[in-house]
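A.B. asks: Below is the file upload_28.cif, with mmCIF, C-alpha atoms.
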data_structure
loop_
_atom_site.label_atom_id
_atom_site.label_comp_id
_atom_site.auth_asym_id
_atom_site.auth_seq_id
_atom_site.Cartn_x
_atom_site.Cartn_y
_atom_site.Cartn_z
CA MET M 1 35.09 -0.73 -85.19
CA TYR M 2 37.02 -3.94 -84.56
CA GLY M 3 40.79 -3.74 -84.47
CA TRP M 4 43.41 -6.02 -83.00
CA GLU M 5 40.88 -7.40 -80.47
CA MET M 6 39.08 -9.24 -83.31
CA LEU M 7 42.22 -11.30 -83.88
CA SER M 8 43.28 -11.89 -80.29
CA PHE M 9 40.18 -11.59 -78.08
CA ASN M 10 39.15 -15.25 -78.17
CA ILE M 11 42.58 -16.47 -77.07
CA HIS M 12 41.96 -15.55 -73.43
CA ASP M 13 38.40 -14.23 -73.22
CA GLY M 14 36.36 -16.10 -75.83
CA PHE M 15 35.24 -18.83 -73.41
CA LEU M 16 33.93 -16.37 -70.82
CA GLU M 17 32.22 -14.24 -73.44
CA ALA M 18 30.38 -17.38 -74.60
CA ILE M 19 29.43 -18.14 -70.98
CA VAL M 20 28.02 -14.66 -70.33
CA ARG M 21 26.09 -14.62 -73.61
CA GLY M 22 24.63 -17.99 -72.67
CA ASN M 23 23.68 -16.68 -69.22
CA ARG M 24 21.93 -13.76 -70.88
CA SER M 25 19.46 -16.16 -72.49
CA GLY M 26 18.31 -17.12 -68.98
CA LEU M 27 17.06 -13.63 -68.11
CA LEU M 28 13.32 -13.41 -67.47
CA THR M 29 11.19 -12.40 -70.46
CA ALA M 30 8.10 -10.19 -70.69
CA ALA M 31 5.98 -13.37 -70.62
CA ASP M 32 7.64 -14.38 -67.33
CA TYR M 33 6.90 -10.98 -65.81
CA ASN M 34 3.29 -11.09 -66.96
CA ASN M 35 2.88 -14.45 -65.25
CA LEU M 36 4.62 -13.21 -62.09
CA CYS M 37 2.35 -10.17 -61.95
CA GLN M 38 -0.65 -12.52 -61.87
CA CYS M 39 0.59 -14.36 -58.79
CA GLU M 40 -1.56 -14.17 -55.66
CA THR M 41 1.02 -15.27 -53.07
CA LEU M 42 4.80 -15.46 -52.65
CA ASP M 43 4.53 -19.24 -52.96
CA ASP M 44 3.01 -18.70 -56.42
CA ILE M 45 6.03 -16.57 -57.32
CA LYS M 46 8.34 -19.30 -56.04
CA MET M 47 6.49 -21.93 -58.09
CA HIS M 48 6.93 -19.90 -61.27
CA LEU M 49 10.60 -19.13 -60.56
CA THR M 50 11.40 -22.81 -59.99
CA ALA M 51 10.79 -23.27 -63.73
CA THR M 52 13.54 -20.73 -64.46
CA GLU M 53 17.25 -20.67 -63.72
CA TYR M 54 16.42 -19.56 -60.17
CA GLY M 55 14.84 -22.97 -59.53
CA PRO M 56 17.80 -24.68 -57.79
CA TYR M 57 18.14 -21.73 -55.42
CA LEU M 58 14.48 -21.58 -54.36
CA GLN M 59 13.13 -25.12 -54.61
CA ASN M 60 14.09 -26.15 -51.07
CA GLU M 61 12.83 -23.00 -49.34
CA PRO M 62 9.97 -23.79 -46.93
CA SER M 63 6.73 -21.83 -46.59
CA PRO M 64 5.87 -19.21 -45.57
CA LEU M 65 8.24 -17.30 -47.83
CA HIS M 66 9.39 -13.73 -47.32
CA THR M 67 10.43 -11.17 -49.93
CA THR M 68 13.92 -10.99 -48.40
CA THR M 69 14.36 -14.75 -48.93
CA ILE M 70 13.47 -14.50 -52.62
CA VAL M 71 15.84 -11.56 -53.11
CA GLU M 72 18.67 -13.25 -51.20
CA LYS M 73 18.43 -16.47 -53.20
CA CYS M 74 18.24 -14.65 -56.54
CA THR M 75 21.22 -12.53 -55.54
CA LEU M 76 23.11 -15.69 -54.58
CA LYS M 77 22.70 -16.96 -58.15
CA LEU M 78 24.20 -13.70 -59.47
CA VAL M 79 27.11 -13.94 -57.02
CA ASP M 80 27.82 -17.55 -58.01
CA GLU M 81 27.89 -16.61 -61.69
CA TYR M 82 30.16 -13.65 -61.00
CA LYS M 83 32.61 -15.72 -58.95
CA HIS M 84 32.71 -18.37 -61.67
CA MET M 85 33.61 -15.74 -64.27
CA LEU M 86 36.18 -14.09 -62.00
CA CYS M 87 38.04 -17.32 -61.23
CA GLN M 88 38.25 -18.12 -64.96
CA ALA M 89 39.36 -14.63 -66.03
CA THR M 90 42.87 -13.45 -66.82
CA GLU M 91 44.18 -9.90 -66.96
CA PRO M 92 42.90 -7.36 -67.88
CA LEU M 93 39.41 -8.95 -67.71
CA SER M 94 39.85 -9.95 -64.07
CA THR M 95 40.55 -6.33 -63.10
CA PHE M 96 37.58 -5.20 -65.18
CA LEU M 97 35.30 -7.64 -63.34
CA GLN M 98 36.59 -6.40 -59.99
CA TYR M 99 35.79 -2.81 -60.99
CA ILE M 100 32.14 -3.83 -61.47
CA THR M 101 31.85 -4.66 -57.76
CA TYR M 102 33.35 -1.43 -56.41
CA GLY M 103 29.97 0.32 -56.44
CA HIS M 104 28.60 -2.32 -54.07
CA MET M 105 31.71 -1.96 -51.92
CA ILE M 106 31.00 1.76 -51.59
CA ASP M 107 27.40 1.08 -50.58
CA ASN M 108 28.58 -1.48 -48.02
CA VAL M 109 31.15 0.91 -46.54
CA VAL M 110 28.55 3.67 -46.26
CA LEU M 111 26.13 1.22 -44.60
CA ILE M 112 28.75 0.17 -42.05
CA VAL M 113 29.86 3.74 -41.33
CA THR M 114 26.24 4.87 -40.91
CA GLY M 115 25.44 1.95 -38.63
CA THR M 116 28.60 2.48 -36.58
CA LEU M 117 27.77 6.14 -36.05
CA HIS M 118 24.38 5.02 -34.71
CA GLU M 119 26.00 2.31 -32.57
CA ARG M 120 24.45 -0.60 -34.46
CA ASP M 121 25.85 -4.12 -34.09
CA VAL M 122 28.55 -4.80 -36.70
CA ASN M 123 27.42 -8.36 -37.37
CA GLU M 124 23.89 -7.14 -38.02
CA LEU M 125 25.26 -4.58 -40.49
CA LEU M 126 27.38 -7.18 -42.28
CA GLU M 127 24.28 -9.32 -42.87
CA LYS M 128 22.71 -6.39 -44.75
CA CYS M 129 25.74 -5.80 -46.98
CA HIS M 130 25.55 -6.75 -50.64
CA PRO M 131 27.56 -9.97 -51.21
CA LEU M 132 29.18 -8.63 -54.38
CA GLY M 133 30.67 -5.79 -52.36
CA MET M 134 32.09 -7.84 -49.50
CA PHE M 135 35.79 -7.66 -48.68
CA ASP M 136 37.94 -9.54 -46.20
CA ARG M 137 38.90 -6.64 -43.95
CA LEU M 138 37.02 -3.81 -42.31
CA VAL M 139 40.15 -1.63 -42.41
CA LEU M 140 39.52 0.65 -45.38
CA VAL M 141 43.19 1.11 -46.28
CA ASP M 142 43.33 -2.64 -47.08
CA THR M 143 40.42 -2.53 -49.54
CA PRO M 144 40.30 -1.56 -53.25
CA LEU M 145 38.50 1.63 -52.19
CA ALA M 146 41.52 3.00 -50.33
CA PRO M 147 42.62 5.34 -53.17
CA TYR M 148 39.16 6.90 -53.34
CA PHE M 149 39.13 7.56 -49.61
CA SER M 150 42.65 8.96 -49.58
CA GLU M 151 41.86 11.38 -52.38
CA CYS M 152 38.46 12.55 -51.18
CA ILE M 153 37.95 12.03 -47.47
CA THR M 154 40.04 12.47 -44.33
CA SER M 155 39.60 10.47 -41.17
CA GLU M 156 38.24 13.52 -39.36
CA ASP M 157 35.32 13.72 -41.81
CA LEU M 158 33.91 10.31 -40.91
CA ASP M 159 32.47 11.50 -37.60
CA ASP M 160 30.29 14.35 -38.80
CA MET M 161 30.30 14.37 -42.59
CA ASN M 162 27.00 13.97 -44.33
CA ILE M 163 26.83 10.32 -45.33
CA GLU M 164 25.28 10.93 -48.74
CA ILE M 165 27.99 13.45 -49.61
CA MET M 166 30.56 10.80 -48.70
CA ARG M 167 28.78 8.21 -50.86
CA ASN M 168 28.61 10.52 -53.88
CA THR M 169 32.21 11.65 -53.45
CA LEU M 170 33.37 8.03 -53.47
CA TYR M 171 31.17 7.20 -56.48
CA LYS M 172 32.62 10.13 -58.38
CA ALA M 173 36.19 8.93 -57.76
CA TYR M 174 35.21 5.34 -58.64
CA LEU M 175 33.43 6.22 -61.90
CA GLU M 176 36.28 8.47 -63.05
CA ASP M 177 38.81 5.71 -62.28
CA PHE M 178 36.72 3.05 -64.07
CA TYR M 179 36.28 5.40 -67.06
CA LYS M 180 40.05 5.92 -67.36
CA PHE M 181 40.68 2.17 -67.09
CA CYS M 182 38.21 1.46 -69.93
CA GLN M 183 39.84 4.15 -72.07
CA LYS M 184 43.20 2.41 -71.63
CA LEU M 185 41.68 -0.89 -72.77
CA GLY M 186 40.72 0.75 -76.08
CA GLY M 187 38.79 -0.80 -78.95
CA ALA M 188 35.12 -1.71 -78.73
CA THR M 189 35.39 -2.05 -74.93
CA ALA M 190 36.34 1.61 -74.57
CA GLU M 191 33.71 2.73 -77.06
CA ILE M 192 30.78 0.94 -75.41
CA MET M 193 31.86 1.17 -71.76
CA CYS M 194 32.64 4.88 -71.93
CA ASP M 195 29.11 5.45 -73.25
CA LEU M 196 27.56 3.34 -70.46
CA LEU M 197 29.65 4.99 -67.75
CA SER M 198 28.89 8.45 -69.14
CA PHE M 199 25.19 7.66 -68.87
CA GLU M 200 25.70 6.51 -65.28
CA ALA M 201 27.62 9.70 -64.44
CA ASP M 202 24.92 11.89 -66.00
CA ARG M 203 22.15 10.04 -64.17
CA ARG M 204 23.95 10.50 -60.86
CA ALA M 205 24.38 14.21 -61.62
CA VAL M 206 20.62 14.56 -62.14
CA ASN M 207 19.82 12.60 -58.97
CA ILE M 208 22.30 14.61 -56.91
CA THR M 209 20.73 17.82 -58.17
CA ILE M 210 17.14 16.77 -57.45
CA ASN M 211 17.97 15.30 -54.04
CA SER M 212 19.89 18.39 -52.95
CA ILE M 213 17.14 20.88 -53.83
CA GLY M 214 16.00 22.59 -50.66
CA THR M 215 19.00 21.41 -48.63
CA GLU M 216 21.99 23.26 -47.24
CA LEU M 217 24.25 21.97 -50.01
CA THR M 218 25.75 24.96 -51.84
CA ARG M 219 26.06 25.22 -55.61
CA ASP M 220 29.83 24.75 -55.42
CA ASP M 221 29.45 21.68 -53.20
CA ARG M 222 26.89 20.24 -55.61
CA ARG M 223 29.19 20.86 -58.58
CA LYS M 224 32.06 19.05 -56.82
CA LEU M 225 29.99 15.86 -56.65
CA TYR M 226 29.52 15.66 -60.44
CA SER M 227 31.88 13.34 -62.35
CA ASN M 228 34.31 15.04 -64.71
CA PHE M 229 33.08 13.25 -67.83
CA GLY M 230 29.81 12.44 -69.56
CA LEU M 231 27.51 14.12 -72.04
CA LEU M 232 26.61 16.81 -69.49
CA TYR M 233 30.24 17.66 -68.72
CA PRO M 234 31.03 20.54 -68.38
CA TYR M 235 28.25 22.86 -69.57
CA GLY M 236 25.34 20.74 -68.38
CA HIS M 237 26.93 20.58 -64.93
CA GLU M 238 27.04 24.37 -64.76
CA GLU M 239 23.30 24.52 -65.45
CA LEU M 240 22.41 21.73 -63.03
CA ALA M 241 24.45 23.32 -60.25
CA VAL M 242 22.14 26.38 -60.18
CA CYS M 243 18.80 24.55 -60.55
CA GLU M 244 16.38 25.28 -57.72
CA ASP M 245 13.46 23.01 -58.68
CA VAL M 246 12.70 19.94 -60.80
CA ASP M 247 11.30 21.96 -63.70
CA GLN M 248 14.62 23.80 -64.03
CA VAL M 249 16.39 20.42 -64.09
CA ARG M 250 14.03 19.35 -66.89
CA GLY M 251 14.80 22.54 -68.81
CA ALA M 252 18.54 21.93 -68.55
CA MET M 253 18.29 18.26 -69.56
CA GLU M 254 15.99 18.81 -72.54
CA LYS M 255 18.85 20.56 -74.34
CA TYR M 256 20.48 17.14 -74.73
CA PRO M 257 18.54 14.90 -77.19
CA PRO M 258 19.27 11.53 -75.46
CA TYR M 259 17.89 12.89 -72.20
CA GLN M 260 15.11 14.92 -73.79
CA SER M 261 13.45 11.64 -74.76
CA ILE M 262 13.62 10.46 -71.13
CA PHE M 263 12.00 13.59 -69.73
CA ASN M 264 9.36 13.51 -72.48
CA ARG M 265 8.07 10.24 -71.01
CA ILE M 266 7.10 11.87 -67.72
CA SER M 267 4.67 14.71 -67.16
CA TYR M 268 5.38 17.81 -65.12
CA GLY M 269 5.10 17.00 -61.42
CA GLU M 270 5.86 13.29 -61.93
CA SER M 271 9.50 13.38 -60.87
CA GLN M 272 8.97 10.16 -58.89
CA MET M 273 8.76 8.33 -62.24
CA LEU M 274 12.16 9.63 -63.32
CA ASP M 275 14.06 6.71 -61.78
CA LYS M 276 12.05 4.20 -63.80
CA ALA M 277 12.60 6.23 -67.00
CA PHE M 278 16.36 6.21 -66.39
CA TYR M 279 16.34 2.47 -65.63
CA GLU M 280 14.45 1.80 -68.87
CA GLU M 281 16.99 3.79 -70.87
CA GLU M 282 19.86 2.02 -69.11
CA VAL M 283 18.37 -1.40 -69.90
CA ARG M 284 18.01 -0.40 -73.57
CA ARG M 285 21.69 0.59 -73.73
CA LEU M 286 22.82 -2.53 -71.86
CA CYS M 287 20.93 -4.78 -74.28
CA LEU M 288 22.49 -3.00 -77.26
CA SER M 289 25.98 -3.84 -75.97
CA PHE M 290 25.31 -7.51 -76.80
CA GLU M 291 24.96 -6.57 -80.47
CA GLN M 292 28.75 -6.24 -80.79
CA GLN M 293 31.45 -8.82 -80.13
CA PHE M 294 35.01 -8.95 -78.82
CA HIS M 295 34.60 -6.56 -75.89
CA TYR M 296 34.22 -6.61 -72.10
CA ALA M 297 31.07 -4.47 -71.89
CA VAL M 298 28.90 -7.62 -72.12
CA PHE M 299 30.11 -8.64 -68.64
CA PHE M 300 29.17 -5.24 -67.19
CA ALA M 301 25.84 -5.33 -69.05
CA TYR M 302 24.94 -8.82 -67.87
CA ILE M 303 25.62 -8.03 -64.18
CA ARG M 304 23.55 -4.83 -64.43
CA LEU M 305 20.67 -6.61 -66.18
CA ARG M 306 20.61 -9.31 -63.50
CA GLU M 307 20.55 -6.62 -60.82
CA GLN M 308 17.61 -4.95 -62.57
CA GLU M 309 15.87 -8.32 -62.74
CA ILE M 310 16.32 -8.77 -58.99
CA ARG M 311 14.90 -5.27 -58.39
CA ASN M 312 11.90 -6.26 -60.49
CA LEU M 313 11.39 -9.45 -58.49
CA MET M 314 11.69 -7.57 -55.21
CA TRP M 315 9.06 -5.03 -56.29
CA ILE M 316 6.64 -7.70 -57.53
CA SER M 317 7.12 -9.74 -54.36
CA GLU M 318 6.53 -6.72 -52.12
CA CYS M 319 3.37 -5.79 -54.01
CA VAL M 320 2.03 -9.33 -53.69
CA ALA M 321 3.00 -9.62 -50.01
CA GLN M 322 1.36 -6.27 -49.16
CA ASN M 323 -1.73 -6.91 -51.31
CA GLN M 324 -0.91 -3.96 -53.58
CA LYS M 325 -1.21 -5.72 -56.93
CA SER M 326 -2.67 -2.61 -58.54
CA ARG M 327 0.82 -1.06 -58.30
CA VAL M 328 2.75 -4.08 -59.49
CA HIS M 329 3.54 -2.57 -62.92
CA ASP M 330 4.63 0.82 -61.52
CA SER M 331 8.32 -0.04 -61.13
CA VAL M 332 8.86 -3.17 -63.25
CA VAL M 333 11.34 -2.55 -66.06
CA PHE M 334 11.01 -5.15 -68.81
CA ILE M 335 14.35 -6.35 -70.16
CA PHE M 336 13.19 -8.34 -73.20
#
Could I get this file's structure written as structure tokens?
C.D. replies:
Amino acid sequence: MYGWEMLSFNIHDGFLEAIVRGNRSGLLTAADYNNLCQCETLDDIKMHLTATEYGPYLQNEPSPLHTTTIVEKCTLKLVDEYKHMLCQATEPLSTFLQYITYGHMIDNVVLIVTGTLHERDVNELLEKCHPLGMFDRLVLVDTPLAPYFSECITSEDLDDMNIEIMRNTLYKAYLEDFYKFCQKLGGATAEIMCDLLSFEADRRAVNITINSIGTELTRDDRRKLYSNFGLLYPYGHEELAVCEDVDQVRGAMEKYPPYQSIFNRISYGESQMLDKAFYEEEVRRLCLSFEQQFHYAVFFAYIRLREQEIRNLMWISECVAQNQKSRVHDSVVFIF
């Protein structure tokens, strides 16, 4: 399993791997979530979080708190950690870390394009962009996403093209590019990352299928949005492309044992719980990546686990703020 990287990995990347493994120990535990779910107000949530690594980012925030403030400050911690790792990294780790942010860049571009088409103020749109996906210029040809646009989308499409099709087209190009880059890295990085990216590609294929049921999207158009790798490629894609309801999607996915277990967790007619089931499986795979050493997948896993943690905190905060504590466990995905 370990080849040349076992001998040479620590020369350039050992320090950062130690940093990210140390940061992992600061992720919230099941006990933390149980305490957070008992909170009555957002100030109670803040008080509990000040005893964690989020403390320095929240301790000076005045009352009354808002959910957006909690999410922004927790995201700021993630951004600071990412920037620290990026400035310490050398090639090819620095390029790998930049690849992790391209998904957020795509979401930011789609947000700006959507807002521009609806004549929204650009500064207002920029405030809503994810900080990990920010870039210096608004001219797309000057961003890392330029190759994905040039391959998939022409300038004429931006006026009337369905925004979600654009998003999924860009994600397909990005995931395929990231997958090829990880394959070139080889070793344990390629082994673990290709598995994680394949899972991401398969999850997106399922979501594209379910979200396009009952729309004008043709089977061929749907098939074009699937990434050209993953456990479902190519035969699973052929079945998903012709699905006309969620039960048919379930039937296609249950032929693949890793995904059969996911669909077994939800009953028929509970497709709204599918996202949580996929997130739980993703978290399980991300945690397993820390069981091996001398590879870059731990950096990808840590960023994703922090993002899941922030989603958990946002959901808990919203439930508390809206006095919906009975639903607080509906979308919380425990990490440890």
A.B. asks: Name the residues captured by the PyMOL selection byres ((chain M and resi 16) around 10) when it is applied to the shown file; answer as an MDAnalysis selection string.
C.D. replies: chainID M and resid 10 12:15 17:22 84:86 88:89 93 296 299
A.B. asks: Next, dump the selected residues to file, keeping only C-alpha atoms, as a PDB file, in the frame of the given file.
C.D. replies:
ATOM      1  CA  ASN M  10      39.150 -15.250 -78.170  1.00  0.00           C
ATOM      2  CA  HIS M  12      41.960 -15.550 -73.430  1.00  0.00           C
ATOM      3  CA  ASP M  13      38.400 -14.230 -73.220  1.00  0.00           C
ATOM      4  CA  GLY M  14      36.360 -16.100 -75.830  1.00  0.00           C
ATOM      5  CA  PHE M  15      35.240 -18.830 -73.410  1.00  0.00           C
ATOM      6  CA  GLU M  17      32.220 -14.240 -73.440  1.00  0.00           C
ATOM      7  CA  ALA M  18      30.380 -17.380 -74.600  1.00  0.00           C
ATOM      8  CA  ILE M  19      29.430 -18.140 -70.980  1.00  0.00           C
ATOM      9  CA  VAL M  20      28.020 -14.660 -70.330  1.00  0.00           C
ATOM     10  CA  ARG M  21      26.090 -14.620 -73.610  1.00  0.00           C
ATOM     11  CA  GLY M  22      24.630 -17.990 -72.670  1.00  0.00           C
ATOM     12  CA  HIS M  84      32.710 -18.370 -61.670  1.00  0.00           C
ATOM     13  CA  MET M  85      33.610 -15.740 -64.270  1.00  0.00           C
ATOM     14  CA  LEU M  86      36.180 -14.090 -62.000  1.00  0.00           C
ATOM     15  CA  GLN M  88      38.250 -18.120 -64.960  1.00  0.00           C
ATOM     16  CA  ALA M  89      39.360 -14.630 -66.030  1.00  0.00           C
ATOM     17  CA  LEU M  93      39.410  -8.950 -67.710  1.00  0.00           C
ATOM     18  CA  TYR M 296      34.220  -6.610 -72.100  1.00  0.00           C
ATOM     19  CA  PHE M 299      30.110  -8.640 -68.640  1.00  0.00           C
TER      20      PHE M 299
END
A.B. asks: Residue by residue, what does the PyMOL selection byres ((chain M and resi 105-118) around 7) grab here? Present the result as an MDAnalysis selection string.
C.D. replies: chainID M and resid 101:104 119:120 125 129:130 133:134 163 167 170
A.B. asks: Taking into account all atoms listed in the file, which residue in the set M:Ile45, M:Ile11, M:Leu132, M:Ala241 is nearest to M:Phe294?
C.D. replies: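 Closest residue, counting all atoms listed in the file: M:Ile11.
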A.B. asks: May I ask which of the residues M:Val328, M:Ile70, M:Cys182, M:Leu27 is the closest one to M:Lys46, counting all atoms listed in the file?
C.D. replies: M:Ile70
A.B. asks: What gap, in Å, lies between atom CA of M:Thr169 and atom CA of M:Glu238?
C.D. replies: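 Computed distance, atom CA of M:Thr169 to atom CA of M:Glu238, equals 17.8 Å.
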A.B. asks: For a cut-off of 9 Å around (31.8, -1.2, -69.8), file coordinates, pick out all residues using all atoms listed in the file and list them as a ChimeraX atom specification.
C.D. replies: /M:96,100,178-179,182,189-197,289,295-301
A.B. asks: Just how far from atom CA of M:Thr50 is atom CA of M:Gln322, in Å to one decimal?
C.D. replies: 22.2 Å
A.B. asks: Between atom CA of M:Lys77 and atom CA of M:Lys128, what is the spacing in Å?
C.D. replies: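 Separating atom CA of M:Lys128 from atom CA of M:Lys77 is a distance of 17.1 Å.
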A.B. asks: Taking the file as I've supplied it (selection: the PyMOL selection byres ((chain M and resi 30-43) around 8)), which residues are included? Please answer as number ranges by chain.
C.D. replies: M: 28-29, 44-48, 63-67, 316-317, 320-321, 325, 328-329, 334-336
A.B. asks: Adding 5 Å on each side of the box along x, y and z that holds all listed atoms of stretch 295-309 of chain M, could you give its centre and edge lengths in Å to one decimal, as JSON?
C.D. replies:
{"center_x": 25.2, "center_y": -6.9, "center_z": -68.4, "size_x": 28.7, "size_y": 14.8, "size_z": 25.1}
A.B. asks: Taking 6 positions as the minimum chain separation for residues in the same chain, which residues sit within 12 Å of stretch 223-227 of chain M when counting all atoms listed in the file? Answer as a tab-separated table (two decimals) with C-alpha atoms, in the frame of the given file.
C.D. replies:
chain	number	residue	atom	x	y	z
M	152	CYS	CA	38.46	12.55	-51.18
M	164	GLU	CA	25.28	10.93	-48.74
M	165	ILE	CA	27.99	13.45	-49.61
M	166	MET	CA	30.56	10.80	-48.70
M	167	ARG	CA	28.78	8.21	-50.86
M	168	ASN	CA	28.61	10.52	-53.88
M	169	THR	CA	32.21	11.65	-53.45
M	170	LEU	CA	33.37	8.03	-53.47
M	171	TYR	CA	31.17	7.20	-56.48
M	172	LYS	CA	32.62	10.13	-58.38
M	173	ALA	CA	36.19	8.93	-57.76
M	174	TYR	CA	35.21	5.34	-58.64
M	175	LEU	CA	33.43	6.22	-61.90
M	176	GLU	CA	36.28	8.47	-63.05
M	177	ASP	CA	38.81	5.71	-62.28
M	178	PHE	CA	36.72	3.05	-64.07
M	179	TYR	CA	36.28	5.40	-67.06
M	197	LEU	CA	29.65	4.99	-67.75
M	198	SER	CA	28.89	8.45	-69.14
M	199	PHE	CA	25.19	7.66	-68.87
M	200	GLU	CA	25.70	6.51	-65.28
M	201	ALA	CA	27.62	9.70	-64.44
M	202	ASP	CA	24.92	11.89	-66.00
M	203	ARG	CA	22.15	10.04	-64.17
M	204	ARG	CA	23.95	10.50	-60.86
M	205	ALA	CA	24.38	14.21	-61.62
M	206	VAL	CA	20.62	14.56	-62.14
M	207	ASN	CA	19.82	12.60	-58.97
M	208	ILE	CA	22.30	14.61	-56.91
M	209	THR	CA	20.73	17.82	-58.17
M	212	SER	CA	19.89	18.39	-52.95
M	217	LEU	CA	24.25	21.97	-50.01
M	233	TYR	CA	30.24	17.66	-68.72
M	234	PRO	CA	31.03	20.54	-68.38
M	235	TYR	CA	28.25	22.86	-69.57
M	236	GLY	CA	25.34	20.74	-68.38
M	237	HIS	CA	26.93	20.58	-64.93
M	238	GLU	CA	27.04	24.37	-64.76
M	239	GLU	CA	23.30	24.52	-65.45
M	240	LEU	CA	22.41	21.73	-63.03
M	241	ALA	CA	24.45	23.32	-60.25
M	242	VAL	CA	22.14	26.38	-60.18
M	243	CYS	CA	18.80	24.55	-60.55
A.B. asks: Please determine, counting only C-alpha atoms, which residue among M:Glu72, M:Glu309, M:Glu282, M:Asp330 has the shortest atom-to-atom distance to M:Arg24.
C.D. replies: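 Of M:Glu72, M:Glu309, M:Glu282, M:Asp330, the one nearest M:Arg24, counting only C-alpha atoms, is M:Glu309.
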A.B. asks: Given the choices M:Glu244, M:Gly187, M:Pro56, M:Gly230, which gets closest to M:Asn211 if the distance is worked out from all atoms listed in the file?
C.D. replies: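 Going through M:Glu244, M:Gly187, M:Pro56, M:Gly230 one by one, the smallest distance to M:Asn211 is for M:Glu244.
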A.B. asks: Out of M:Tyr256, M:Ala51, M:Ser25, M:Pro147, which residue has the shortest atom-to-atom distance to M:Leu305 when counting only C-alpha atoms?
C.D. replies: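 Of M:Tyr256, M:Ala51, M:Ser25, M:Pro147, the one nearest M:Leu305 is M:Ser25, counting only C-alpha atoms.
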